[in-house]
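What follows is one structure encoded as structure tokens, with my remarks underneath.
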Amino acid sequence: MQKIFFLTIMMALAVSVHSQSNVLPAPPQKGLLFIKNATIHVGNGTVIENGTIQIRDGKIEKVGKDITIPQDDVQVVDAKGKHVYPGLILPTSTLGLVETGSIRASNDVREIGDLNPNIRSIVAYNTDSKVINTLRSNGILAANVVPQGSFLAGTSSVVQLDAWNWEDAAVKADGGMHLYMPLLMARPGGGRGGFGGGGPNAGGAQADPVKDGFEKIENLKAFFREAKAYIAATTREETNLKYEAVKDLLAKKQKLYVHASTAKQMLAALDFVKEFGVDMVIVGGSESWQIASLLKQHNVAVILQQMHSLPTTTDDDVDQPYKTAAILQKAGVLFAISDDDSQTRGRNLPFNAGTAVAFGLTKEEALAAISLNSAKIMGVADKTGSIEVGKEANIIISSGDILDMSTSNVTDAFIKGRKINLDDKQKQLNDRYEIKYDLKKKGF
Amino acid sequence: MRKTRLLEKLALLTVLLMGTAQVMAQATFPENGIADPRHGHYAFTNATIVKDANTTIANATLVIKDGKIVAVGTGLSVPSGAVEVDCKGKFIYPSFIDIYTDYGTPVRPQQQGGGGFNFFAQPQLETNVKGPYGWNQAIKSDVDVFKVFGVNDAAAKPMREVGFGTVLTHVKDGVARGTGAVVTLANEKENLTIIKEKASAHYSFNKGTSTQSYPTSKMGYISLLRQTFLDAAWYKNKPYEEGFNLSLQSWNENQGLPQIFEANDKWDDLRADRIGDEFGVQYIIKAGQNEYQRINEMKATNATFILPLNYPQGQDVEDPNDAKFVSLEDMKHWELAPTSPAAFEKAGIPFCITTADLRSVNTFWVNLRKAMEYGLSESKAMEALTKTPATILGVYDKVGSLEAGKLANFLITNGPVFSEKTNILYNYVQGIKYNVKDDSNIAGTYNLSINTPTGVEKYTLDVKSTSSVGMFGKDTMNTKFSFDGKQVKLSYAPMVRRQRPPGGPGGDPTQPRPGGFGGGQVPALPATATRLGGISNGTEWNGTGVDSAGNSLTWTAVFVKAADIKMDSTKKKDIPVVGKVNYPFLPFGNSQDEIPKQETMLIKNATVWTSEGEGVLQNTDVLLKNGKIAAIGKNLSDPAAKVIDGTGKHVSPGIIDEHSHIAAASINEGAQSVTSEVRIADNLNPDDINIYRQLSGGVTSSHILHGSANVIGGQTQLIKLRWGANAEDLKFKDWAGQIKFALGENVKRSSSTQGNNRYPDTRMGVEQVLTDAFTRAKDYKKKWDSYNAEKDKLVKAKKPLTGLNAPRRDLELEALVEILDKKRFITCHSYVQSEINMAMKVAEEMGYTVNTFTHILEGYKVADKMKAHGAFVSTFSDWWAYKVEVEDAIPYNAAIMHKTGLVVAINSDDAEMARRLNQEAAKTMKYGGVSAEEALKMVTLNPAKMLHVDDRIGSLKVGKDADVVVWSDNPLSIYAKPLYTIVDGTIYFDRVKDEQKQKEVDAERARLVKKLNGEKRSGMPMAPATPSYQIMHSCMDHGHSHGLLVIDADEFENQ
């Protein structure tokens, strides 16, 4: 273990800063690994003080207070005074699909067309994206990589963030189908005469976006019906890839992620639950707090896409986006918190959860919203999401409260027990200029 | 019979005046045919004559001749040669004047509109108009409407029908629009209808058909006006180097006229007034609908206003899912807009009323009466439609009241003109009669005799209008009736008893009653109805007919008596109850009596983060008094103070955002690479909900920057978040200004999908733009210095200054000279090390310092150089990878720069992040291990330093401004929430009060939704619910999380 560390440091000095070829995926973990003296935040709401985690061959074997660590040659990480959390899971992201926002060539995130059930994000997921390591540095060890689109956009896959290639990375491939709901709301068509002027009477005429939107949804339902019939048919004249692509969705082996903000959009999306019985997840859900009881009633989960956003209307509570999580928690809706505002900001995931704590969640509930709940929503809770026996050892150690940026400091991270290299391009640039300015000598 | 004679005369008059253009024959025009001179000599007798808003004379006579009033008064005899028209029971008013029209102007091509800077398309940098005009197509001061004016009766007719006789017309196109002319609405040759050819000069914040890119912003419009004022003054000496400039010459010529500015919005009104004040011009302001929201500010302009009467239509908010996106602001505005004219009257502000902006001229009366229902008085309305506009335009000697010598422009009505039941019967323009409504002529009782083969049948006709008549004889008849002024048609058949509809007597009251007299629908007549047709011969109608059996008939109807005109009931209706005006006019605003006030406050026993040498003080009190920090220490007391228990709480200086784009009407003037002349200060927008939202995050001051579209952008403005203040009061007083510079991708227009034609296209060009601009600035300074020296010499020698011409003032270069003189400081948008280095080298060569590098994401690479240069730095905490120039951005940047000794700020550049700046600062603790105290300074004292206001804000120090935040927790913790945000000792955000405000917002929404639903049920036409989108400005540099209803200003304006 220590040898690996040493090697890493050697390589950091040897290799050019701009590539990250020195940050190698860690080899499989073999044998026993212990994390001891830890404050263990399990992810399911419980906290174990001064606990120990026993890991064998990448899986959690034991978690508790009274675990004996054998004297023989085992790996032990002493987490005294530190907090141990399950690896955080970013439930929606364009990570690995977008490298630099403004460069078209580096964007593989949005395919042409309205009906793309056959599009798969996993095949474009770039494990060598230099963004990935910056997320790991903040404790995010898995992400759901989501294609964008204008309507039915394709499937997302859950990846772990320490891999040689996308096959290595895949935790659950094609687990979710993504539907971007039409806005179902008029957008202004023309000049509105400045602030305070204009009003509802200004603006150009346009097609009715609400009507158009509902028509689009009806067409999709028709497509699903046809696909269902196609799949059920014993003989087929020809193969239809788009029908084939929704097979898992209609068989409930895949979830339907509906990207929607308004209550109207979410209510319209319930059609898919009612008619096709799909497992639905709302992504966005800025108005989910208004229909929390209905979401609960229909077993619809919610991913709050962006905690750190402005209220939807001027009349809303100034803190509404911060308060939404607590309302969903209280209503018993299964929800996760995300931060998918561009590919880079996912690293602020724990701080989004921290904000929810300031506005009504407990810290453990907030942790669940970025770990276990995400895992449940994405259908990987049997493998990951909490520090529980039988799950993969996806674990992070922080010297302070991970939900608060002033204390969050991830010192160690394990994916399937593999201690991963927490270096990243930005740390390397930092090192480089600390050397240039001789900052270490100056007492920093 | 007196009545009979009246009708005779009226009928005669109609015939006489048909096509009598000769009333106003023109001497210079050759006659084709037989001369037919006429004088239109009439005496209108026995009328109630309203000479002006304050003078009404009963039983009076008005004599007109040759299109003018000869005499008006009581006891006048009908002059010989005049035709007498008996107007008993009638009222005569001066006809109305509309001061804001484009009547008779040529149809214009499609307007370009306000337009924002389009980041994706190529700008048109220069004018493409041929001719001796100025540099900017939007300055159309050379346009004289009288040269292009053409009588347009199709447009005049609806105006006459609602009572107008005279209008001011101008070509509504451009920022400067040339001159307007006063014309009458007579359908005569232009020579005669133009009564003052140059009566006004016109301006606006809309470039109209100009295709030139500049200006693209509100502040650009203001700058263009400002520079044109200066250029025109300079042009008076006819500088040889300018040649002949028609635009400037006309501008100067037009200055003597009444200056009318179309602003159309409360803040734009004030912006227009301010630019006028700068140059000694008092604009007459064409208002919009929302001036009532800031009536005190309107009053302070000393302007006369022109008020349109269009009000927002109520929205259909029946469906709660749609209703919730209609903002309280929009609903309140719907309710309160009709109160605007009354608010002007109450405030004693002079105003005219215009038909401009109405969806249709036909809605004039409905809307005027609505304004009166909400408190506008009749006499003020009359004045606003007659004397006020006539006086402004200097034509009160011709129109606006009924006096001898004035034009015979008047209305004859059948009752007081503002009463709901009154009709305008005739509108006389320059002595020519235009019929408006004929029905009241014929309304009355008539005896109808029908000569049938079986003898004479007698009926009584109760004529109600030109389409409705009651007919009674032995039986009551069902009728169908029409009268077109001359031809009469009447069909009738015996009434068939109908079964009453179910629901008891009267049936459903909401359904029109079938067969009722005069009411509701005309029932279909059977095919067997008797049909009569005839001609009106005045008081007698004669005609023929056919009965159900096919027998031919003749008939005569003789007028017996006129119908009584029912006047409005004398009972004055109460003014409807409406909600309060809030300041600002937004949710969480305060009504006049709740506006927060400066208080003496004592915060007891708190953890006090001073951002000063004392560091963090435990169990300490802070006393705020007279808007200043009066004391910091233990066991303080002040009997006058409101005590805030700070136990367990934290107190910090108010947060200062070095880089913000909130609270402005425009941000980017992008049409040129150097726009140092534009000023954010010109276009602050106090109605931005983000002011309140950021107060809720502890922000007390924001530096509002120009965007990053160009190398040298506009002048910035530091504001304090005084929620509810107007634009002037938002400003940080006595502040040395700053200016935005920008480098890199944005200024070389990397995002333009259509290529770039604006210099520069590379970072190499950026350097040259900077060098060139400052080289020109230095030459400019030299020119002025030598002029001033020469002037001083002459003054000292007491010699005349003639022949010594001042150089042209160039506001673009003046701003740069201010930089060279260290009176204005630069904040420079910058990313990569090469450009940062370059900017410093140019500065050092030119003799200025880059005060602040903002964004500065690669600052850590050249921290030592910036330190040597003397720059401050202001950065984001952790954004990167959204474009190429931020590839090497690292979250350790702030820490490294801090450690190398630079003064570092963390800024937002984002309306959302701004309310979490304390957390953004806390990230420097995580990334680089900055101490909590130093981290907090990055959003308090350090930005104050770079804004040169650290003597007044930025730390908790006795004597500094009482800009203070009381936090629930350690301000660098994610769990901290501001409980109070205090600016100048005034609590602008109070977390407890905020909850109460939220309840008020919800209650007010509920009240208005109910009211709107009531309107809908009462049958008022409703507009579909329209989401209230918010326009937000940004520097278009990176993504933002602003929510569903926010539209980026640039995206919006480029649609």
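Every chain in the structure tokens has a letter given in the order shown (A, B, ...), and although residue numbers restart at 1 in each chain, ligands are simply numbered from 1 in the order shown.
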
How would you write, as a ChimeraX atom specification, the set of residues in range 167-318 of chain A that DSSP gives as helix (DSSP H, G or I)?
/A:167-169,209-232,241-245,247-250,263-276,288-297

Exercise: range 273-276 of chain B partners within 8 Å, only C-alpha atoms, chain neighbours under 5 positions left out, as a PyMOL selection string:
chain B and resi 222+225-226+281-283+285+301+303

Do you know which residues are at most 7 Å from Leu115 in chain A counting only C-alpha atoms, after dropping those on the same chain fewer than 2 positions away, and could you put them as number ranges by chain?
A: 113, 117, 151-153

With 6 Å as the limit and counting only C-alpha atoms, what residues in chain B lie close to chain A? Please list them as a PyMOL selection string.
chain B and resi 587+693+881-883+890+912+922-923+925-926+974-975+1026+1041-1044

Write out, as a PDB file, in the first residue's frame, the residues just selected, with C-alpha atoms.
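In the end it all went to selection09.pdb:
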ATOM      1  CA  PRO B 587     -43.160  40.749  -3.761  1.00  0.00           C
ATOM      2  CA  ARG B 693     -32.615  37.515  -2.529  1.00  0.00           C
ATOM      3  CA  ALA B 881     -13.793  23.864 -18.030  1.00  0.00           C
ATOM      4  CA  TYR B 882     -16.697  25.753 -19.581  1.00  0.00           C
ATOM      5  CA  LYS B 883     -14.388  27.186 -22.219  1.00  0.00           C
ATOM      6  CA  ILE B 890      -8.006  25.742 -10.292  1.00  0.00           C
ATOM      7  CA  GLU B 912     -27.638  32.780  -7.520  1.00  0.00           C
ATOM      8  CA  ALA B 922     -15.155  29.135   2.672  1.00  0.00           C
ATOM      9  CA  LYS B 923     -13.974  27.029  -0.266  1.00  0.00           C
ATOM     10  CA  MET B 925     -10.290  27.041   3.399  1.00  0.00           C
ATOM     11  CA  LYS B 926     -10.793  23.704   1.717  1.00  0.00           C
ATOM     12  CA  ILE B 974     -22.650  25.944   5.115  1.00  0.00           C
ATOM     13  CA  TYR B 975     -25.182  25.865   7.915  1.00  0.00           C
ATOM     14  CA  THR B1026     -48.888  34.289 -19.365  1.00  0.00           C
ATOM     15  CA  SER B1041     -28.775  28.305 -12.367  1.00  0.00           C
ATOM     16  CA  HIS B1042     -31.441  30.919 -12.494  1.00  0.00           C
ATOM     17  CA  GLY B1043     -34.508  28.779 -12.859  1.00  0.00           C
ATOM     18  CA  LEU B1044     -37.334  28.149 -15.206  1.00  0.00           C
TER      19      LEU B1044
END

Two-atom distance - CA of Leu270 in chain A, CA of Ala170 in chain A (Å)
29.5 Å

What's the 6 Å shell around range 244-259 of chain A, counting only C-alpha atoms, without same-chain residues fewer than 3 positions away, as JSON, numbers by chain?
{"A": [117, 118, 175, 176, 177, 178, 179, 180, 181, 241, 278, 279, 280, 281, 282, 283, 284]}

Just write the chosen residues, N, CA and C atoms, as a PDB file, in the first residue's frame.
ATOM      1  N   PRO A 117     -34.330   6.386 -28.129  1.00  0.00           N
ATOM      2  CA  PRO A 117     -34.227   5.419 -27.026  1.00  0.00           C
ATOM      3  C   PRO A 117     -33.000   4.529 -27.173  1.00  0.00           C
ATOM      4  N   ASN A 118     -32.504   4.426 -28.374  1.00  0.00           N
ATOM      5  CA  ASN A 118     -31.379   3.537 -28.644  1.00  0.00           C
ATOM      6  C   ASN A 118     -30.018   4.174 -28.381  1.00  0.00           C
ATOM      7  N   GLY A 175     -29.174   1.703 -17.201  1.00  0.00           N
ATOM      8  CA  GLY A 175     -30.182   1.521 -16.156  1.00  0.00           C
ATOM      9  C   GLY A 175     -31.356   2.475 -16.243  1.00  0.00           C
ATOM     10  N   GLY A 176     -31.179   3.562 -16.968  1.00  0.00           N
ATOM     11  CA  GLY A 176     -32.268   4.532 -17.005  1.00  0.00           C
ATOM     12  C   GLY A 176     -32.497   5.099 -18.395  1.00  0.00           C
ATOM     13  N   MET A 177     -33.764   5.276 -18.740  1.00  0.00           N
ATOM     14  CA  MET A 177     -34.132   5.914 -20.005  1.00  0.00           C
ATOM     15  C   MET A 177     -34.513   7.354 -19.669  1.00  0.00           C
ATOM     16  N   HIS A 178     -34.015   8.301 -20.469  1.00  0.00           N
ATOM     17  CA  HIS A 178     -34.217   9.704 -20.115  1.00  0.00           C
ATOM     18  C   HIS A 178     -35.166  10.436 -21.051  1.00  0.00           C
ATOM     19  N   LEU A 179     -36.182  10.972 -20.430  1.00  0.00           N
ATOM     20  CA  LEU A 179     -37.188  11.729 -21.181  1.00  0.00           C
ATOM     21  C   LEU A 179     -37.167  13.172 -20.703  1.00  0.00           C
ATOM     22  N   TYR A 180     -36.984  14.068 -21.643  1.00  0.00           N
ATOM     23  CA  TYR A 180     -37.020  15.500 -21.317  1.00  0.00           C
ATOM     24  C   TYR A 180     -38.401  16.022 -21.682  1.00  0.00           C
ATOM     25  N   MET A 181     -39.159  16.351 -20.669  1.00  0.00           N
ATOM     26  CA  MET A 181     -40.542  16.753 -20.903  1.00  0.00           C
ATOM     27  C   MET A 181     -40.611  18.095 -21.627  1.00  0.00           C
ATOM     28  N   LEU A 241     -35.007  -0.874 -34.360  1.00  0.00           N
ATOM     29  CA  LEU A 241     -34.069  -0.664 -33.252  1.00  0.00           C
ATOM     30  C   LEU A 241     -34.660   0.181 -32.139  1.00  0.00           C
ATOM     31  N   VAL A 278     -44.222   1.913 -15.619  1.00  0.00           N
ATOM     32  CA  VAL A 278     -42.769   2.087 -15.482  1.00  0.00           C
ATOM     33  C   VAL A 278     -42.418   2.632 -14.100  1.00  0.00           C
ATOM     34  N   ASP A 279     -41.186   2.367 -13.706  1.00  0.00           N
ATOM     35  CA  ASP A 279     -40.632   2.981 -12.496  1.00  0.00           C
ATOM     36  C   ASP A 279     -40.153   4.367 -12.885  1.00  0.00           C
ATOM     37  N   MET A 280     -40.737   5.370 -12.266  1.00  0.00           N
ATOM     38  CA  MET A 280     -40.408   6.708 -12.730  1.00  0.00           C
ATOM     39  C   MET A 280     -39.589   7.488 -11.703  1.00  0.00           C
ATOM     40  N   VAL A 281     -38.660   8.242 -12.258  1.00  0.00           N
ATOM     41  CA  VAL A 281     -37.834   9.137 -11.445  1.00  0.00           C
ATOM     42  C   VAL A 281     -37.942  10.530 -12.057  1.00  0.00           C
ATOM     43  N   ILE A 282     -38.298  11.494 -11.236  1.00  0.00           N
ATOM     44  CA  ILE A 282     -38.326  12.877 -11.727  1.00  0.00           C
ATOM     45  C   ILE A 282     -36.942  13.486 -11.538  1.00  0.00           C
ATOM     46  N   VAL A 283     -36.442  14.078 -12.603  1.00  0.00           N
ATOM     47  CA  VAL A 283     -35.157  14.773 -12.505  1.00  0.00           C
ATOM     48  C   VAL A 283     -35.416  16.269 -12.641  1.00  0.00           C
ATOM     49  N   GLY A 284     -34.956  17.032 -11.698  1.00  0.00           N
ATOM     50  CA  GLY A 284     -35.241  18.478 -11.696  1.00  0.00           C
ATOM     51  C   GLY A 284     -36.169  18.740 -10.542  1.00  0.00           C
TER      52      GLY A 284
END

Given the choices A:Ile402, A:Ala413, A:Arg418, A:Ile119, which gets closest to Gly31 in chain A if the distance is worked out from only C-alpha atoms?
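Smallest distance to Gly31 in chain A is found for A:Arg418.
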
Provide the CA of Gln919 in chain B to CA of Leu972 in chain B distance in Å, to one decimal place.
5.8 Å

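Between CA of Val622 in chain B and CA of Asn605 in chain B there is a distance of 8.5 Å.
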
DSSP on the backbone: which residues in range 251-419 of chain A end up as strand (DSSP E)? Give the answer as JSON, numbers by chain.
{"A": [255, 256, 257, 258, 259, 260, 279, 280, 281, 282, 283, 284, 301, 302, 303, 304, 335, 336, 337, 395, 396, 397, 398, 410, 411, 412, 413, 414, 415, 418, 419]}

Only N, CA and C atoms, please: the residues just picked out, written as a PDB file, in the first residue's frame.
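Result written to result-v5.pdb:
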ATOM      1  N   LYS A 255     -35.361   2.145 -15.536  1.00  0.00           N
ATOM      2  CA  LYS A 255     -36.232   3.194 -14.999  1.00  0.00           C
ATOM      3  C   LYS A 255     -36.434   4.292 -16.022  1.00  0.00           C
ATOM      4  N   LEU A 256     -37.540   4.976 -15.878  1.00  0.00           N
ATOM      5  CA  LEU A 256     -37.782   6.134 -16.742  1.00  0.00           C
ATOM      6  C   LEU A 256     -37.459   7.389 -15.944  1.00  0.00           C
ATOM      7  N   TYR A 257     -36.426   8.082 -16.363  1.00  0.00           N
ATOM      8  CA  TYR A 257     -36.047   9.354 -15.743  1.00  0.00           C
ATOM      9  C   TYR A 257     -36.721  10.462 -16.538  1.00  0.00           C
ATOM     10  N   VAL A 258     -37.613  11.146 -15.885  1.00  0.00           N
ATOM     11  CA  VAL A 258     -38.331  12.221 -16.567  1.00  0.00           C
ATOM     12  C   VAL A 258     -37.786  13.563 -16.071  1.00  0.00           C
ATOM     13  N   HIS A 259     -37.204  14.298 -16.989  1.00  0.00           N
ATOM     14  CA  HIS A 259     -36.659  15.609 -16.635  1.00  0.00           C
ATOM     15  C   HIS A 259     -37.788  16.632 -16.706  1.00  0.00           C
ATOM     16  N   ALA A 260     -38.196  17.107 -15.563  1.00  0.00           N
ATOM     17  CA  ALA A 260     -39.367  17.978 -15.492  1.00  0.00           C
ATOM     18  C   ALA A 260     -39.211  18.921 -14.314  1.00  0.00           C
ATOM     19  N   ASP A 279     -41.186   2.367 -13.706  1.00  0.00           N
ATOM     20  CA  ASP A 279     -40.632   2.981 -12.496  1.00  0.00           C
ATOM     21  C   ASP A 279     -40.153   4.367 -12.885  1.00  0.00           C
ATOM     22  N   MET A 280     -40.737   5.370 -12.266  1.00  0.00           N
ATOM     23  CA  MET A 280     -40.408   6.708 -12.730  1.00  0.00           C
ATOM     24  C   MET A 280     -39.589   7.488 -11.703  1.00  0.00           C
ATOM     25  N   VAL A 281     -38.660   8.242 -12.258  1.00  0.00           N
ATOM     26  CA  VAL A 281     -37.834   9.137 -11.445  1.00  0.00           C
ATOM     27  C   VAL A 281     -37.942  10.530 -12.057  1.00  0.00           C
ATOM     28  N   ILE A 282     -38.298  11.494 -11.236  1.00  0.00           N
ATOM     29  CA  ILE A 282     -38.326  12.877 -11.727  1.00  0.00           C
ATOM     30  C   ILE A 282     -36.942  13.486 -11.538  1.00  0.00           C
ATOM     31  N   VAL A 283     -36.442  14.078 -12.603  1.00  0.00           N
ATOM     32  CA  VAL A 283     -35.157  14.773 -12.505  1.00  0.00           C
ATOM     33  C   VAL A 283     -35.416  16.269 -12.641  1.00  0.00           C
ATOM     34  N   GLY A 284     -34.956  17.032 -11.698  1.00  0.00           N
ATOM     35  CA  GLY A 284     -35.241  18.478 -11.696  1.00  0.00           C
ATOM     36  C   GLY A 284     -36.169  18.740 -10.542  1.00  0.00           C
ATOM     37  N   ALA A 301     -39.846   8.667  -7.532  1.00  0.00           N
ATOM     38  CA  ALA A 301     -38.678   9.230  -6.843  1.00  0.00           C
ATOM     39  C   ALA A 301     -38.290  10.548  -7.508  1.00  0.00           C
ATOM     40  N   VAL A 302     -37.530  11.330  -6.780  1.00  0.00           N
ATOM     41  CA  VAL A 302     -37.134  12.648  -7.296  1.00  0.00           C
ATOM     42  C   VAL A 302     -35.632  12.833  -7.154  1.00  0.00           C
ATOM     43  N   ILE A 303     -35.028  13.360  -8.203  1.00  0.00           N
ATOM     44  CA  ILE A 303     -33.633  13.811  -8.095  1.00  0.00           C
ATOM     45  C   ILE A 303     -33.644  15.332  -8.195  1.00  0.00           C
ATOM     46  N   LEU A 304     -33.308  15.984  -7.111  1.00  0.00           N
ATOM     47  CA  LEU A 304     -33.232  17.448  -7.126  1.00  0.00           C
ATOM     48  C   LEU A 304     -31.927  17.820  -7.812  1.00  0.00           C
ATOM     49  N   PHE A 335     -35.885  10.584  -2.486  1.00  0.00           N
ATOM     50  CA  PHE A 335     -35.241  11.619  -3.308  1.00  0.00           C
ATOM     51  C   PHE A 335     -33.731  11.588  -3.137  1.00  0.00           C
ATOM     52  N   ALA A 336     -33.074  12.102  -4.154  1.00  0.00           N
ATOM     53  CA  ALA A 336     -31.625  12.267  -4.096  1.00  0.00           C
ATOM     54  C   ALA A 336     -31.306  13.699  -4.485  1.00  0.00           C
ATOM     55  N   ILE A 337     -30.134  14.132  -4.066  1.00  0.00           N
ATOM     56  CA  ILE A 337     -29.685  15.473  -4.421  1.00  0.00           C
ATOM     57  C   ILE A 337     -28.583  15.340  -5.465  1.00  0.00           C
ATOM     58  N   ILE A 395     -15.947   3.744  -0.150  1.00  0.00           N
ATOM     59  CA  ILE A 395     -15.858   4.450   1.126  1.00  0.00           C
ATOM     60  C   ILE A 395     -14.934   5.655   0.988  1.00  0.00           C
ATOM     61  N   ILE A 396     -15.306   6.731   1.674  1.00  0.00           N
ATOM     62  CA  ILE A 396     -14.394   7.881   1.718  1.00  0.00           C
ATOM     63  C   ILE A 396     -14.126   8.263   3.175  1.00  0.00           C
ATOM     64  N   ILE A 397     -12.971   8.847   3.362  1.00  0.00           N
ATOM     65  CA  ILE A 397     -12.600   9.316   4.693  1.00  0.00           C
ATOM     66  C   ILE A 397     -12.297  10.808   4.585  1.00  0.00           C
ATOM     67  N   SER A 398     -12.926  11.563   5.483  1.00  0.00           N
ATOM     68  CA  SER A 398     -12.688  13.009   5.486  1.00  0.00           C
ATOM     69  C   SER A 398     -12.254  13.436   6.872  1.00  0.00           C
ATOM     70  N   VAL A 410     -11.219  15.320   1.928  1.00  0.00           N
ATOM     71  CA  VAL A 410     -11.186  13.880   1.689  1.00  0.00           C
ATOM     72  C   VAL A 410      -9.739  13.423   1.667  1.00  0.00           C
ATOM     73  N   THR A 411      -9.400  12.568   2.617  1.00  0.00           N
ATOM     74  CA  THR A 411      -8.007  12.108   2.710  1.00  0.00           C
ATOM     75  C   THR A 411      -7.813  10.753   2.052  1.00  0.00           C
ATOM     76  N   ASP A 412      -8.850   9.936   2.061  1.00  0.00           N
ATOM     77  CA  ASP A 412      -8.743   8.603   1.474  1.00  0.00           C
ATOM     78  C   ASP A 412     -10.055   8.246   0.796  1.00  0.00           C
ATOM     79  N   ALA A 413      -9.932   7.457  -0.251  1.00  0.00           N
ATOM     80  CA  ALA A 413     -11.145   6.977  -0.913  1.00  0.00           C
ATOM     81  C   ALA A 413     -10.896   5.573  -1.440  1.00  0.00           C
ATOM     82  N   PHE A 414     -11.927   4.742  -1.330  1.00  0.00           N
ATOM     83  CA  PHE A 414     -11.814   3.344  -1.744  1.00  0.00           C
ATOM     84  C   PHE A 414     -12.975   3.003  -2.667  1.00  0.00           C
ATOM     85  N   ILE A 415     -12.651   2.417  -3.760  1.00  0.00           N
ATOM     86  CA  ILE A 415     -13.695   1.875  -4.635  1.00  0.00           C
ATOM     87  C   ILE A 415     -13.480   0.374  -4.697  1.00  0.00           C
ATOM     88  N   ARG A 418     -10.392  -0.717  -3.281  1.00  0.00           N
ATOM     89  CA  ARG A 418      -9.157  -0.236  -3.922  1.00  0.00           C
ATOM     90  C   ARG A 418      -8.912   1.192  -3.468  1.00  0.00           C
ATOM     91  N   LYS A 419      -7.785   1.419  -2.895  1.00  0.00           N
ATOM     92  CA  LYS A 419      -7.479   2.778  -2.436  1.00  0.00           C
ATOM     93  C   LYS A 419      -7.087   3.597  -3.663  1.00  0.00           C
TER      94      LYS A 419
END

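Using only C-alpha atoms, the contacts of Asp128 in chain A at a cut-off of 10 Å, with sequence neighbours closer than 2 positions omitted, comprise Ser19, Gln20, Ser21, Val23, Gly96, Glu99, Tyr125, Asn126, Lys130, Val131, Ile132, Asn133, Leu161, Asp162, Ala163, Trp164, Asn165 and Trp166 of chain A.
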